[in-house]
2 protein chains.
Amino acid sequence: MSITTDTAAHPALETLRERMLGAAAIGSSASVLHWDQETKMPPEGVEPRGRQLAALARIYHEQVTSAEVGDLISECEACNDLMADETSDAAATIRRLRTDYDRETCIPVDLVEEEATLGSQAQHNWAEARRNADFSQFQPWLEKVVALLRRKADCYGWAEGGEPWDALADGYEPGCTAAWVESVFTPLRSRLQTLLQRIQGSTTPPSNDFNEVRLPIDAQEAFVREVAEAIGFDFRRGRMDVSTHPFCTGFHPRDVRITTRFHEDNVNDALGSTMHECGHAIYEQGLRQDEAGLPLGSAVSLGIHESQSRLWENQVGRSRQFWQWCRPVLVKHFGDAVAGFDVDTLYRSVNIVRPDFIRVEADEATYNMHIMIRFELERALMTGDLNVADVPDAWAQRYRDYLDIEVPDDARGCLQDVHWSMVSMGYFPTYTLGNLYSAQFFDAATREIPNLEDGFADGEFDRLRSWLNEKIHRQGRRYLPADLCEVVTGAPLCADHLMSYLEGKYGEIYGL
Amino acid sequence: MSITTDTAAHPALETLRERMLGAAAIGSSASVLHWDQETKMPPEGVEPRGRQLAALARIYHEQVTSAEVGDLISECEACNDLMADETSDAAATIRRLRTDYDRETCIPVDLVEEEATLGSQAQHNWAEARRNADFSQFQPWLEKVVALLRRKADCYGWAEGGEPWDALADGYEPGCTAAWVESVFTPLRSRLQTLLQRIQGSTTPPSNDFNEVRLPIDAQEAFVREVAEAIGFDFRRGRMDVSTHPFCTGFHPRDVRITTRFHEDNVNDALGSTMHECGHAIYEQGLRQDEAGLPLGSAVSLGIHESQSRLWENQVGRSRQFWQWCRPVLVKHFGDAVAGFDVDTLYRSVNIVRPDFIRVEADEATYNMHIMIRFELERALMTGDLNVADVPDAWAQRYRDYLDIEVPDDARGCLQDVHWSMVSMGYFPTYTLGNLYSAQFFDAATREIPNLEDGFADGEFDRLRSWLNEKIHRQGRRYLPADLCEVVTGAPLCADHLMSYLEGKYGEIYGL
């Protein structure tokens with residue numbers, strides 16, 4: 001795509017890269033400590049771990065906002081030799097470092113520390129409030145969170161015609177605005193509602209029997225490990241552990257960790273979680289090693305990251321062809337307990353749609369409704385159109401409108417997610433953007449790779465992984481995420497691909 | 001022992017403590033990464049991990065040698081209020097921080113980086129040379145190591161009448177000199193040689209049968225875990241994993257990790273390794289939490305650390321009373337496979353003495369001979385009395401003289417240990433100092449705690465742990481290690497306690 005500029009000939013760029021690699025080493029060290037905290041750390045270790053992470057965060061912030069780094073970026077920008085070819089690695093790197101620097105230096109150190117302190121208090125109080133299913137306990141903390149995030153948004157600023165939410169979302173999905181999200185979500189919501197109504201009226205829903213078979217955890221672990229290897233997670237450059245909430249973290253393309261979880265009566269949850277995290281991990285393992293820790297060797301956005309996890313979890317893992325390959329693997333690990341389920345039954349079992357209250361347990365169709373509700377509420381909280389005190393009512397009303405269900409209590413309502421207590425808004429939409437991107441990318445892959453899906457039946461997952469690697473993983477942060485979508489698929493992001501995919505699949509399964 | 005000075009009333013001390021806590025958080029973060037590297041990291045992760053650790057080491061060094069820290073120490077030293085009471089926590093803290101600061105700032109940053117680079121190359125070449133059992137491959141690297149360590153010793157300097165080795169040893173065992181080590185080791189060697197000759201001539205050596213019973217790894221793990229809990233390792237504040245070379249690392253008294261290892265045909269190795277590392281861990285878990293990361297909440301020296309591991313491994317774990325308690329635990333976990341061994345047989349089995357080439361597999365008696373040989377050689381390398389090229393011959397000659405065995409090759413000779421390739425000399429004697437301290441501490445404990453050893457038969461290990469905690473763990477770095485020994489036992493370190501213990505035990509077992 002472009003010839004790498006010889007950085008040695010440009011001492012400012014060379015020094016800048018070294019400084020950023022140093023900061024990246026601190027950042028990834030913190031990631032190791034986070035991973036350890038979630039998977040291995042003894043219970044009493046929480047407090048000292050918090051102090052280690054705070055020390056690393058402070059050093060990271062100092063390093064990436066140092067005057068030296070600012071001067072080096074300016075020096076590179078002034079070098080015609082580096083910037084003349086806009087498509088060069090060097091120019092792309094410097095552009096991204098400039099954006100990062102300007103964004104990081106917007107925020108006074110005091111606010112960084114205030115945010116860290118509030119986050120730890122708010123999370124503690126959120127957990128307590130959720131246990132008691134009592135929003136009023138969390139309300140004062142959410143008020144502090146909203147106030148702080150408004151101040152933070154003011155620091156960042158936003159484009160003319162935009163709004164405070166944009167300033168926050170930009171940190172997760174560069175270039176993303178509320179207006180753009182709304183323009184993509186609105187047609188999605190209307191088609192989804194129609195589809196959900198038709199599914200609800202179906203007279204031939206799939207049976208849930210497979211999802212309730214009890215299977216031993218040891219065998220589940222061996223099973224999902226075989227699937228992970230088959231779709232391309234490289235265990236020489238990663239490992240798999242267990243945690244309450246599955247996640248993926250990459251310290252470097254050569255060391256990427258995933259976690260999954262196991263319940264005796266839900267092998268499908270373990271499989272879905274594992275394939276989801278493998279999708280994230282295949283992205284991280286596929287990043288350019290020669291640019292690791294630098295913009296061209298980093299993931300471009302949370303939305304694109306989620307597209308990779310969703311694509312393997314859903315477009316691959318919930319396809320009929322995948323189950324043609326997977327059924328013998330399943331039988332090998334679990335024997336008679338599963339031998340009675342044929343491919344069609346398995347395929348239908350993993351594609352059940354059922355509106356419910358809990359986002360993280362939602363199916364492919366209803367999931368996006370959960371996201372839209374959160375997006376609308378946090379956008380209104382940031383503009384001030386919604387008061388914190390009114391969140392539970394607004395939440396319940398939207399669940400009625402969009403999913404036709406009655407929220408039973410705050411714990412299963414507006415207290416279910418950790419994000420807001422982490423002083424984070426603007427994050428949620430990246431989940432649905434991920435779903436949309438995954439469908440659009442998969443459409444493009446299907447056009448470009450002959451008989452792609454039929455290959456899944458033979459365990460042929462390499463062609464898809466290579467295609468994703470070339471088109472997406474190895475691009476790093478060269479493009480903004482929305483631009484990357486256009487480069488890869490030839491069109492801007494839209495809801496059509498996801499909706500056609502869902503309408504086609506559920507139309508057949510539910511006989512619509 | 002002393003009343004804690006109110007640090008809030010002394011802003012310089014308060015700031016100094018904060019700076020040192022920040023540096024300690026970086027240092028303990030590096031320890032988490034080391035632990036991960038040895039226990040969990042995927043194979044390809046080595047190279048990026050090296051860069052993370054180098055970044056953390058650089059920051060740690062910058063922080064502890066900063067001019068600000070130097071100024072703060074001087075400011076505290078000038079404050080009569082803080083220093084007047086020499087026994088106060090504040091005065092002890094400031095004294096140790098001064099020593100650390102002066103020592104750290106002796107070494108130019110260039111030498112720190114040179115050492116890190118040489119260490120990684122030398123270790124690589126040492127591993128290769130050991131694989132090939134060929135010292136000549138390692139010789140040029142050991143020459144570089146010796147040259148660098150001489151320069152480093154010159155930077156530190158040493159007391160009048162001392163020698164270069166002292167400057168290095170002081171980093172592991174503050175106050176330790178070669179002359180002092182020699183004065184302690186010389187009588188030890190002569191009594192040990194006499195004892196070993198008598199053991200060699202015994203006509204009633206213990207049977208090795210128990211040590212060769214094959215026992216499943218799962219059951220071994222459950223067994224050593226139960227023993228670890230019984231002697232006082234707190235799993236809420238730590239964990240146990242597996243690694244090739246067992247080790248203990250403490251990030252904070254609330255998070256202390258040990259590793260052990262398992263061989264089907266050697267449960268005694270797993271038990272000994274576990275109790276050894278538990279001894280280290282009980283020290284780390286027993287440090288003062290309110291001073292964690294600061295001198296009074298840190299271990300005093302490697303020798304004292306080793307005394308804690310050896311005490312639990314040997315004085316406790318190889319005692320007859322311990323096996324009275326342990327035999328039923330053993331039978332519970334392994335059933336018929338071990339039911340035929342009575343307490344006396346078990347006790348004798350774990351106390352077999354057999355001169356051999358390998359230090360880490362040595363018994364309690366011969367172990368110290370391995371250490372003395374290394375001490376004599378590295379001392380001579382540092383003064384220049386021994387050339388690197390002559391190390392294999394000098395090594396072989398001493399194994400003939402001290403242990404009456406012929407070293408078969410370099411791999412089982414002077415290439416067996418990693419220490420020198422880690423650019424480290426002055427470390428080895430701390431192992432034997434640990435053995436000497438453990439015997440002397442145990443004698444004092446036996447005098448002060450009624451029926452201490454008889455209690456082991458009932459699984460009563462708490463009284464010993466509490467005694468060690470009060471006398472040693474909670475002292476942190478208040479005293480120099482040799483002074484701590486006098487405070488705790490009433491006498492300077494000497495070989496009598498260890499030798500009486502060994503002569504008594506082996507006299508009975510071997511019928512001498």
# chains A, B, ... in the order shown; residues from 1 in each chain; ligands from 1
>>> select_by_dssp(residues="range 224-458 of chain A", states="strand (DSSP E or B)", output="ChimeraX atom specification")
/A:238-242,248-252,255-260,292,297
>>> write_last_selection(atoms="C-alpha atoms", output="PDB file, in the first residue's frame")
ATOM      1  CA  GLY A 238      -1.430 -16.157  23.390  1.00  0.00           C
ATOM      2  CA  ARG A 239      -3.310 -18.045  26.041  1.00  0.00           C
ATOM      3  CA  MET A 240      -6.842 -18.680  27.238  1.00  0.00           C
ATOM      4  CA  ASP A 241      -8.033 -18.415  30.826  1.00  0.00           C
ATOM      5  CA  VAL A 242     -11.297 -18.148  32.705  1.00  0.00           C
ATOM      6  CA  CYS A 248      -9.325 -10.065  25.285  1.00  0.00           C
ATOM      7  CA  THR A 249      -6.180  -8.073  25.917  1.00  0.00           C
ATOM      8  CA  GLY A 250      -3.162  -7.743  23.664  1.00  0.00           C
ATOM      9  CA  PHE A 251       0.197  -6.649  25.043  1.00  0.00           C
ATOM     10  CA  HIS A 252       1.856  -7.110  21.649  1.00  0.00           C
ATOM     11  CA  ASP A 255       1.275 -12.000  23.434  1.00  0.00           C
ATOM     12  CA  VAL A 256      -2.517 -11.792  23.247  1.00  0.00           C
ATOM     13  CA  ARG A 257      -4.701 -13.224  26.007  1.00  0.00           C
ATOM     14  CA  ILE A 258      -8.353 -14.186  25.924  1.00  0.00           C
ATOM     15  CA  THR A 259     -10.651 -15.358  28.648  1.00  0.00           C
ATOM     16  CA  THR A 260     -13.858 -17.290  28.474  1.00  0.00           C
ATOM     17  CA  ALA A 292       3.667  -2.714  17.416  1.00  0.00           C
ATOM     18  CA  GLY A 297       0.449  -1.393  14.614  1.00  0.00           C
TER      19      GLY A 297
END
>>> calpha_fit_rmsd(fixed="chain B", moving="chain A")
0.0 Å
>>> interface_residues(of="chain A", to="chain B", cutoff="6 Å", atoms="only C-alpha atoms", output="PyMOL selection string")
chain A and resi 25+42-45+52+236-238+254-255
>>> write_last_selection(atoms="C-alpha atoms", output="PDB file, in the first residue's frame")
ATOM      1  CA  ALA A  25       5.688  -0.543  26.991  1.00  0.00           C
ATOM      2  CA  PRO A  42      -5.612 -13.314  44.971  1.00  0.00           C
ATOM      3  CA  PRO A  43      -8.621 -11.524  46.461  1.00  0.00           C
ATOM      4  CA  GLU A  44      -6.665  -9.373  48.910  1.00  0.00           C
ATOM      5  CA  GLY A  45      -4.461  -7.999  46.148  1.00  0.00           C
ATOM      6  CA  GLN A  52       0.480  -0.018  40.855  1.00  0.00           C
ATOM      7  CA  ARG A 236       2.126 -19.835  20.837  1.00  0.00           C
ATOM      8  CA  ARG A 237       1.355 -16.114  20.870  1.00  0.00           C
ATOM      9  CA  GLY A 238      -1.430 -16.157  23.390  1.00  0.00           C
ATOM     10  CA  ARG A 254       3.161 -11.882  20.141  1.00  0.00           C
ATOM     11  CA  ASP A 255       1.275 -12.000  23.434  1.00  0.00           C
TER      12      ASP A 255
END
>>> residues_around(residues="Ile199 in chain B", least_positions_apart="3", cutoff="10 Å", atoms="only C-alpha atoms", output="MDAnalysis selection string")
chainID B and resid 193:196 202:205 352:354 503 506:507 509:512
>>> select_by_dssp(residues="range 21-82 of chain A", states="alpha helix (DSSP H)", output="ChimeraX atom specification")
/A:21-39,46-64,67-77,80-82
>>> write_last_selection(atoms="N, CA and C atoms", output="compact mmCIF listing (two decimals), in the first residue's frame")
# COMPACT_ATOMS: atom_id res chain seq x y z
N LEU A 21 7.28 4.13 21.78
CA LEU A 21 7.46 2.72 22.14
C LEU A 21 7.68 2.58 23.65
N GLY A 22 8.41 3.52 24.23
CA GLY A 22 8.61 3.50 25.68
C GLY A 22 7.28 3.64 26.40
N ALA A 23 6.46 4.59 25.95
CA ALA A 23 5.14 4.78 26.57
C ALA A 23 4.27 3.55 26.35
N ALA A 24 4.35 2.98 25.15
CA ALA A 24 3.54 1.79 24.85
C ALA A 24 3.94 0.63 25.78
N ALA A 25 5.23 0.53 26.09
CA ALA A 25 5.69 -0.54 26.99
C ALA A 25 5.08 -0.35 28.38
N ILE A 26 4.95 0.91 28.80
CA ILE A 26 4.29 1.19 30.10
C ILE A 26 2.81 0.85 30.01
N GLY A 27 2.17 1.28 28.93
CA GLY A 27 0.75 0.99 28.74
C GLY A 27 0.48 -0.51 28.71
N SER A 28 1.31 -1.25 28.00
CA SER A 28 1.06 -2.70 27.91
C SER A 28 1.44 -3.40 29.21
N SER A 29 2.37 -2.83 29.98
CA SER A 29 2.65 -3.38 31.31
C SER A 29 1.40 -3.26 32.18
N ALA A 30 0.74 -2.12 32.09
CA ALA A 30 -0.51 -1.94 32.84
C ALA A 30 -1.54 -2.98 32.39
N SER A 31 -1.55 -3.29 31.09
CA SER A 31 -2.50 -4.30 30.60
C SER A 31 -2.21 -5.67 31.19
N VAL A 32 -0.93 -5.99 31.36
CA VAL A 32 -0.58 -7.27 32.01
C VAL A 32 -1.14 -7.29 33.43
N LEU A 33 -1.00 -6.17 34.13
CA LEU A 33 -1.50 -6.10 35.50
C LEU A 33 -3.03 -6.21 35.55
N HIS A 34 -3.70 -5.61 34.56
CA HIS A 34 -5.16 -5.75 34.48
C HIS A 34 -5.55 -7.20 34.23
N TRP A 35 -4.87 -7.82 33.28
CA TRP A 35 -5.16 -9.23 32.97
C TRP A 35 -4.98 -10.08 34.22
N ASP A 36 -3.87 -9.87 34.90
CA ASP A 36 -3.59 -10.63 36.12
C ASP A 36 -4.69 -10.42 37.15
N GLN A 37 -5.12 -9.17 37.27
CA GLN A 37 -6.17 -8.84 38.25
C GLN A 37 -7.46 -9.61 37.97
N GLU A 38 -7.80 -9.76 36.70
CA GLU A 38 -9.07 -10.41 36.34
C GLU A 38 -8.97 -11.93 36.36
N THR A 39 -7.75 -12.47 36.24
CA THR A 39 -7.65 -13.91 36.05
C THR A 39 -6.90 -14.64 37.16
N VAL A 46 -6.33 -6.51 45.65
CA VAL A 46 -6.97 -5.41 44.94
C VAL A 46 -6.35 -4.05 45.25
N GLU A 47 -6.17 -3.77 46.52
CA GLU A 47 -5.74 -2.41 46.89
C GLU A 47 -4.33 -2.09 46.40
N PRO A 48 -3.33 -2.94 46.69
CA PRO A 48 -2.00 -2.63 46.13
C PRO A 48 -1.99 -2.61 44.60
N ARG A 49 -2.81 -3.43 43.98
CA ARG A 49 -2.85 -3.42 42.51
C ARG A 49 -3.33 -2.05 42.00
N GLY A 50 -4.32 -1.50 42.70
CA GLY A 50 -4.81 -0.18 42.32
C GLY A 50 -3.69 0.85 42.34
N ARG A 51 -2.80 0.74 43.34
CA ARG A 51 -1.71 1.72 43.42
C ARG A 51 -0.67 1.50 42.33
N GLN A 52 -0.44 0.24 41.98
CA GLN A 52 0.48 -0.02 40.85
C GLN A 52 -0.09 0.58 39.56
N LEU A 53 -1.37 0.35 39.33
CA LEU A 53 -1.96 0.83 38.09
C LEU A 53 -2.00 2.35 38.04
N ALA A 54 -2.26 2.98 39.18
CA ALA A 54 -2.26 4.44 39.21
C ALA A 54 -0.87 4.98 38.89
N ALA A 55 0.17 4.34 39.43
CA ALA A 55 1.54 4.80 39.16
C ALA A 55 1.86 4.66 37.67
N LEU A 56 1.46 3.54 37.08
CA LEU A 56 1.74 3.34 35.66
C LEU A 56 0.95 4.33 34.81
N ALA A 57 -0.32 4.58 35.18
CA ALA A 57 -1.15 5.51 34.41
C ALA A 57 -0.55 6.91 34.44
N ARG A 58 -0.06 7.32 35.61
CA ARG A 58 0.53 8.64 35.73
C ARG A 58 1.76 8.77 34.84
N ILE A 59 2.61 7.75 34.86
CA ILE A 59 3.83 7.80 34.04
C ILE A 59 3.47 7.79 32.56
N TYR A 60 2.50 6.95 32.20
CA TYR A 60 2.08 6.91 30.79
C TYR A 60 1.60 8.29 30.34
N HIS A 61 0.75 8.89 31.16
CA HIS A 61 0.22 10.21 30.80
C HIS A 61 1.34 11.24 30.68
N GLU A 62 2.27 11.22 31.64
CA GLU A 62 3.40 12.15 31.58
C GLU A 62 4.20 11.97 30.30
N GLN A 63 4.41 10.70 29.94
CA GLN A 63 5.25 10.45 28.77
C GLN A 63 4.57 10.90 27.48
N VAL A 64 3.29 10.56 27.30
CA VAL A 64 2.66 10.88 26.01
C VAL A 64 2.28 12.36 25.90
N ALA A 67 6.44 17.73 26.75
CA ALA A 67 6.77 18.79 25.78
C ALA A 67 7.70 18.25 24.70
N GLU A 68 8.58 17.34 25.09
CA GLU A 68 9.51 16.76 24.11
C GLU A 68 8.75 16.06 22.99
N VAL A 69 7.75 15.28 23.36
CA VAL A 69 6.95 14.58 22.34
C VAL A 69 6.26 15.60 21.44
N GLY A 70 5.68 16.64 22.05
CA GLY A 70 5.04 17.69 21.24
C GLY A 70 5.99 18.32 20.25
N ASP A 71 7.19 18.63 20.73
CA ASP A 71 8.19 19.25 19.85
C ASP A 71 8.59 18.31 18.71
N LEU A 72 8.76 17.05 19.04
CA LEU A 72 9.16 16.07 18.02
C LEU A 72 8.08 15.94 16.95
N ILE A 73 6.81 15.93 17.38
CA ILE A 73 5.73 15.83 16.39
C ILE A 73 5.77 17.06 15.48
N SER A 74 5.92 18.24 16.07
CA SER A 74 5.97 19.47 15.26
C SER A 74 7.13 19.41 14.28
N GLU A 75 8.27 18.92 14.78
CA GLU A 75 9.45 18.84 13.91
C GLU A 75 9.19 17.90 12.72
N CYS A 76 8.53 16.78 12.99
CA CYS A 76 8.20 15.85 11.90
C CYS A 76 7.23 16.49 10.92
N GLU A 77 6.22 17.17 11.48
CA GLU A 77 5.22 17.80 10.60
C GLU A 77 5.85 18.83 9.67
N ASN A 80 9.10 18.23 5.08
CA ASN A 80 8.39 17.96 3.83
C ASN A 80 8.64 16.53 3.35
N ASP A 81 9.87 16.11 3.53
CA ASP A 81 10.28 14.78 3.12
C ASP A 81 9.39 13.69 3.74
N LEU A 82 8.97 13.91 4.99
CA LEU A 82 8.14 12.92 5.68
C LEU A 82 6.67 13.04 5.31
>>> atom_distance(atom1="CA of Leu188 in chain A", atom2="CA of Ala495 in chain A")
5.4 Å
>>> closest_residue(among="B:Gln200, B:Gln137, B:Asn435, B:Thr186", to="Ser309 in chain B", atoms="only C-alpha atoms")
B:Asn435
>>> atom_distance(atom1="CA of Ile217 in chain B", atom2="CA of Leu271 in chain B")
12.0 Å
>>> residues_around(residues="Glu291 in chain A", least_positions_apart="6", cutoff="12 Å", atoms="only C-alpha atoms", output="list in words")
Thr4, Arg17, Glu18, Met20, Leu21, Ala24, Asp89, Ala90, Thr93, His252, Pro253, Gly297, Ser298, Ala299, His473, Arg474, Gln475, Gly476, Arg477 and Arg478 of chain A
>>> atom_distance(atom1="CA of Ala179 in chain A", atom2="CA of Asp390 in chain A")
23.1 Å
>>> residues_around(residues="range 164-169 of chain B", least_positions_apart="4", cutoff="12 Å", atoms="only C-alpha atoms", output="number ranges by chain")
B: 103, 106, 146-160, 173-182, 301-303, 375-384, 423-430
>>> write_last_selection(atoms="N, CA and C atoms", output="short mmCIF file (atom, residue, chain, number, x, y, z; two decimals), in the first residue's frame")
data_model
loop_
_atom_site.label_atom_id
_atom_site.label_comp_id
_atom_site.auth_asym_id
_atom_site.auth_seq_id
_atom_site.Cartn_x
_atom_site.Cartn_y
_atom_site.Cartn_z
N ARG B 103 24.01 4.27 47.03
CA ARG B 103 24.43 3.10 46.26
C ARG B 103 23.91 3.19 44.81
N CYS B 106 25.69 5.71 42.59
CA CYS B 106 27.09 5.41 42.26
C CYS B 106 27.24 4.99 40.80
N VAL B 146 33.00 -10.55 34.28
CA VAL B 146 33.96 -10.23 35.34
C VAL B 146 34.48 -8.80 35.16
N ALA B 147 34.79 -8.43 33.92
CA ALA B 147 35.30 -7.08 33.67
C ALA B 147 34.27 -6.03 34.08
N LEU B 148 33.00 -6.26 33.70
CA LEU B 148 31.96 -5.28 34.04
C LEU B 148 31.75 -5.23 35.56
N LEU B 149 31.77 -6.39 36.21
CA LEU B 149 31.54 -6.40 37.65
C LEU B 149 32.69 -5.73 38.40
N ARG B 150 33.91 -5.82 37.86
CA ARG B 150 35.03 -5.09 38.49
C ARG B 150 34.81 -3.59 38.39
N ARG B 151 34.34 -3.15 37.20
CA ARG B 151 34.05 -1.72 37.05
C ARG B 151 32.94 -1.30 38.01
N LYS B 152 31.93 -2.16 38.12
CA LYS B 152 30.81 -1.85 38.99
C LYS B 152 31.28 -1.76 40.44
N ALA B 153 32.12 -2.72 40.84
CA ALA B 153 32.65 -2.70 42.21
C ALA B 153 33.46 -1.43 42.44
N ASP B 154 34.24 -1.00 41.43
CA ASP B 154 34.99 0.25 41.55
C ASP B 154 34.06 1.43 41.78
N CYS B 155 32.92 1.42 41.08
CA CYS B 155 31.95 2.52 41.27
C CYS B 155 31.46 2.55 42.71
N TYR B 156 31.08 1.37 43.23
CA TYR B 156 30.56 1.32 44.60
C TYR B 156 31.66 1.63 45.61
N GLY B 157 32.85 1.07 45.37
CA GLY B 157 33.92 1.16 46.35
C GLY B 157 33.71 0.19 47.50
N TRP B 158 34.73 0.03 48.36
CA TRP B 158 34.62 -0.88 49.49
C TRP B 158 35.47 -0.33 50.64
N ALA B 159 35.21 -0.85 51.82
CA ALA B 159 35.89 -0.33 53.02
C ALA B 159 37.38 -0.67 52.98
N GLU B 160 38.15 0.09 53.75
CA GLU B 160 39.59 -0.15 53.82
C GLU B 160 39.85 -1.57 54.34
N GLU B 173 23.45 -8.58 50.63
CA GLU B 173 23.52 -8.81 52.07
C GLU B 173 24.23 -7.59 52.68
N PRO B 174 23.48 -6.54 53.00
CA PRO B 174 24.13 -5.31 53.45
C PRO B 174 25.09 -5.56 54.61
N GLY B 175 26.31 -5.02 54.46
CA GLY B 175 27.30 -5.16 55.52
C GLY B 175 28.19 -6.38 55.36
N CYS B 176 27.88 -7.23 54.40
CA CYS B 176 28.62 -8.49 54.23
C CYS B 176 29.95 -8.25 53.52
N THR B 177 31.03 -8.83 54.05
CA THR B 177 32.34 -8.76 53.39
C THR B 177 32.88 -10.18 53.20
N ALA B 178 33.81 -10.30 52.25
CA ALA B 178 34.41 -11.61 51.99
C ALA B 178 35.15 -12.12 53.23
N ALA B 179 35.84 -11.19 53.92
CA ALA B 179 36.59 -11.61 55.11
C ALA B 179 35.65 -12.19 56.16
N TRP B 180 34.50 -11.54 56.35
CA TRP B 180 33.54 -12.02 57.33
C TRP B 180 32.96 -13.38 56.91
N VAL B 181 32.60 -13.49 55.65
CA VAL B 181 32.08 -14.76 55.15
C VAL B 181 33.11 -15.86 55.38
N GLU B 182 34.37 -15.55 55.05
CA GLU B 182 35.42 -16.56 55.23
C GLU B 182 35.53 -16.99 56.70
N SER B 301 17.49 -8.79 53.75
CA SER B 301 18.61 -9.28 52.92
C SER B 301 18.24 -10.64 52.35
N LEU B 302 19.02 -11.06 51.36
CA LEU B 302 18.78 -12.38 50.78
C LEU B 302 19.11 -13.48 51.78
N GLY B 303 20.13 -13.25 52.61
CA GLY B 303 20.51 -14.27 53.58
C GLY B 303 19.40 -14.51 54.59
N PHE B 375 31.75 -19.38 46.23
CA PHE B 375 32.24 -18.16 46.90
C PHE B 375 33.74 -17.99 46.67
N GLU B 376 34.49 -19.05 46.88
CA GLU B 376 35.95 -18.93 46.73
C GLU B 376 36.34 -18.56 45.31
N LEU B 377 35.65 -19.16 44.34
CA LEU B 377 36.00 -18.88 42.94
C LEU B 377 35.63 -17.45 42.55
N GLU B 378 34.45 -17.00 42.91
CA GLU B 378 34.07 -15.66 42.46
C GLU B 378 34.86 -14.57 43.20
N ARG B 379 35.22 -14.86 44.41
CA ARG B 379 36.07 -13.92 45.15
C ARG B 379 37.42 -13.78 44.43
N ALA B 380 38.00 -14.92 44.01
CA ALA B 380 39.29 -14.90 43.32
C ALA B 380 39.17 -14.29 41.92
N LEU B 381 38.02 -14.51 41.27
CA LEU B 381 37.82 -13.87 39.96
C LEU B 381 37.80 -12.36 40.10
N MET B 382 37.21 -11.88 41.17
CA MET B 382 37.08 -10.44 41.36
C MET B 382 38.42 -9.79 41.72
N THR B 383 39.23 -10.49 42.51
CA THR B 383 40.55 -9.91 42.84
C THR B 383 41.51 -10.08 41.67
N GLY B 384 41.21 -11.01 40.77
CA GLY B 384 42.12 -11.29 39.65
C GLY B 384 43.07 -12.44 39.96
N VAL B 423 25.16 -11.58 35.34
CA VAL B 423 26.06 -10.50 35.78
C VAL B 423 25.93 -10.32 37.29
N SER B 424 26.02 -11.44 37.99
CA SER B 424 25.81 -11.40 39.43
C SER B 424 26.87 -12.22 40.15
N MET B 425 27.66 -11.56 40.99
CA MET B 425 28.55 -12.25 41.91
C MET B 425 28.35 -11.64 43.30
N GLY B 426 28.54 -12.46 44.32
CA GLY B 426 28.29 -12.00 45.68
C GLY B 426 26.97 -12.52 46.21
N TYR B 427 26.24 -13.23 45.36
CA TYR B 427 24.91 -13.72 45.69
C TYR B 427 24.99 -15.08 46.41
N PHE B 428 25.85 -15.98 45.87
CA PHE B 428 25.86 -17.37 46.35
C PHE B 428 25.95 -17.53 47.87
N PRO B 429 26.88 -16.81 48.54
CA PRO B 429 27.02 -17.05 49.99
C PRO B 429 25.73 -16.83 50.77
N THR B 430 24.80 -16.03 50.22
CA THR B 430 23.56 -15.79 50.98
C THR B 430 22.80 -17.09 51.20
#
>>> closest_residue(among="A:Asp344, A:Glu221, A:Glu277, A:Asp110", to="Trp312 in chain A", atoms="only C-alpha atoms")
A:Glu277
>>> decode(residues="range 375-386 of chain B", atoms="C-alpha atoms", output="PDB file, in the first residue's frame")
ATOM      1  CA  PHE B 375      32.237 -18.163  46.899  1.00  0.00           C
ATOM      2  CA  GLU B 376      35.953 -18.932  46.735  1.00  0.00           C
ATOM      3  CA  LEU B 377      35.998 -18.880  42.943  1.00  0.00           C
ATOM      4  CA  GLU B 378      34.070 -15.657  42.462  1.00  0.00           C
ATOM      5  CA  ARG B 379      36.073 -13.921  45.147  1.00  0.00           C
ATOM      6  CA  ALA B 380      39.288 -14.900  43.321  1.00  0.00           C
ATOM      7  CA  LEU B 381      37.815 -13.872  39.956  1.00  0.00           C
ATOM      8  CA  MET B 382      37.080 -10.437  41.356  1.00  0.00           C
ATOM      9  CA  THR B 383      40.546  -9.912  42.837  1.00  0.00           C
ATOM     10  CA  GLY B 384      42.121 -11.286  39.651  1.00  0.00           C
ATOM     11  CA  ASP B 385      43.784 -14.195  41.464  1.00  0.00           C
ATOM     12  CA  LEU B 386      41.861 -16.564  39.222  1.00  0.00           C
TER      13      LEU B 386
END
